[in-house]
Structures are given as structure tokens and as C-alpha cells.
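Novice: Okay, handing you the structure first.
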Amino acid sequence: MEQKTITLVQESFEKVKPIAATAAEIFYSKLFELDPALKPLFPSGDEAMKVQGNKLMTMLGAAVVGLSNLEALIPVLQDLGKRHVGYNVTPEHYSTVGAALLDTLATGLGDDFTSEVKEAWASVYGTMSTVMIEASY
């Protein structure tokens, strides 16, 4: 992965951190809009979804930081992918999650979500999801 891609993702994620709770809400709203069948895979209730959103943003933040050390990040992503099998996640779900992530970033970052930033995030997510899928299925 190119350093420029890593830098773009890490710098743009810094702008997401202050709106992490809102970004999580946007993400799940977009995810369920794209595929309503995914909703039963998640906890019900506002408080439970806030906890889930916090987990999402924490994991995403750790992964973004981990881009600087891919050798350490890859086993973490592999384990995460394996755990998601137990949550009834299928390989097809990863593309929906990627679309929801990019939509969320576009909304959250506004004008800062340039085509270059979008391409960097798409590349990083594609790599991460491939690692998770290949380790799990």
C-alpha cells in the first residue's frame, strides 16, 4: 500500500474523530438503507446501537492507525473477519459495508472528501475486507 494512500486515510480520519458518534449513526443508517436485511444482525434499541457505533469507530480508528504497521494489522483483521462469521456476516456483506462507509465519509467530511481521499479509502477498505474475507471463508 502506498504511503500517500495511508496518509490520506489517516489525515481524513482525524477530521472524522470529532464527529465519531454522528458518523456511526450515519453509517448504520446508510447500511440499513442499502440492505435492510442486515438490521437483524445488529442489536436493537438506541442505546445498544450507540455502543455498537462506538465499537465501530474504535475498531476503525485502530485499523487506520494500524495502516502504518501492516504486519501487525493483518492478523488483527484476520481475527476480526473470523469473528464476523459467527455474527452471520457473509462475504457479500463486505461490499455493502464499504459502500456505506464511503457514503458516511462523503457526508461527514463534506468538501474534504475529495476524489483522491475517496480513492484512498476505497483502496484501504478493499484491502482490509479482502484480508478479512480470505481469512474467514
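FYI, nothing fancy with the C-alpha cells labels: chains A, B, ... in order, residues from 1 per chain, ligands from 1 as they appear.
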Set the distance at 9 Å and use only C-alpha atoms: which residues neighbour A:Trp121 once local chain neighbours fewer than 5 positions away are removed? I'd like the list as a list in words.
Specialist: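 Within the cut-off, the hits are Thr5, Ile6, Leu8, Val9, Leu101, Leu102, Leu105, Glu116 and Gly126 of chain A.
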Novice: Please save C-alpha atoms of the selected residues as an mmCIF file, in the first residue's frame.
Specialist:
```
data_model
loop_
_atom_site.group_PDB
_atom_site.id
_atom_site.type_symbol
_atom_site.label_atom_id
_atom_site.label_comp_id
_atom_site.auth_asym_id
_atom_site.auth_seq_id
_atom_site.Cartn_x
_atom_site.Cartn_y
_atom_site.Cartn_z
ATOM 1 C CA THR A 5 -2.838 6.398 0.422
ATOM 2 C CA ILE A 6 -2.145 5.698 4.096
ATOM 3 C CA LEU A 8 -4.735 10.479 3.070
ATOM 4 C CA VAL A 9 -6.794 7.970 5.059
ATOM 5 C CA LEU A 101 -18.504 3.646 4.734
ATOM 6 C CA LEU A 102 -17.750 5.735 1.648
ATOM 7 C CA LEU A 105 -17.239 9.695 4.825
ATOM 8 C CA GLU A 116 -8.311 11.462 -4.069
ATOM 9 C CA GLY A 126 -10.774 -3.089 -0.292
#
```
Novice: Please list as a VMD selection string every residue within 12 Å of A:Pro91, counting only C-alpha atoms and excluding residues in the same chain fewer than 6 positions away.
Specialist: chain A and resid 81 to 82 84 to 85 97 to 98 129 to 137
Novice: Would you please work out which residue, of A:Leu80, A:Ala21, A:Ala48, A:Ala99, is nearest to A:Ala63 when using only C-alpha atoms?
Specialist: A:Leu80
Novice: In Å, with one decimal, what is the gap from atom CA of A:Leu73 to atom CA of A:Leu41?
Specialist: 25.2 Å
Novice: Assign secondary structure with DSSP using the backbone only, and return the residues of stretch 1-118 of chain A in alpha helix (DSSP H) as a ChimeraX atom specification.
Specialist: /A:3-16,20-34,46-66,70-85,93-109,115-118
Novice: Ranking A:Arg83, A:Pro36, A:Glu2, A:Ser12 by minimum distance to A:Lys118 and counting only C-alpha atoms, which one comes first?
Specialist: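 Checking each candidate against A:Lys118, we get A:Ser12 as the closest.
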Novice: Just the number, please: distance in Å from atom CA of A:Leu60 to atom CA of A:Ala37, one decimal.
Specialist: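 Taking atom CA of A:Leu60 as the start and atom CA of A:Ala37 as the end point, the length is 22.9 Å.
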Novice: Could you list, as a VMD selection string, every residue within 12 Å of A:Glu11, counting only C-alpha atoms and ignoring same-chain residues fewer than 4 positions away?
Specialist: chain A and resid 3 to 7 15 to 17 61 64 to 65 67 109 112 to 113 117 120 to 121
Novice: Would you work out the distance separating atom CA of A:Glu92 from atom CA of A:Glu14, expressed in Å to one decimal?
Specialist: 28.9 Å
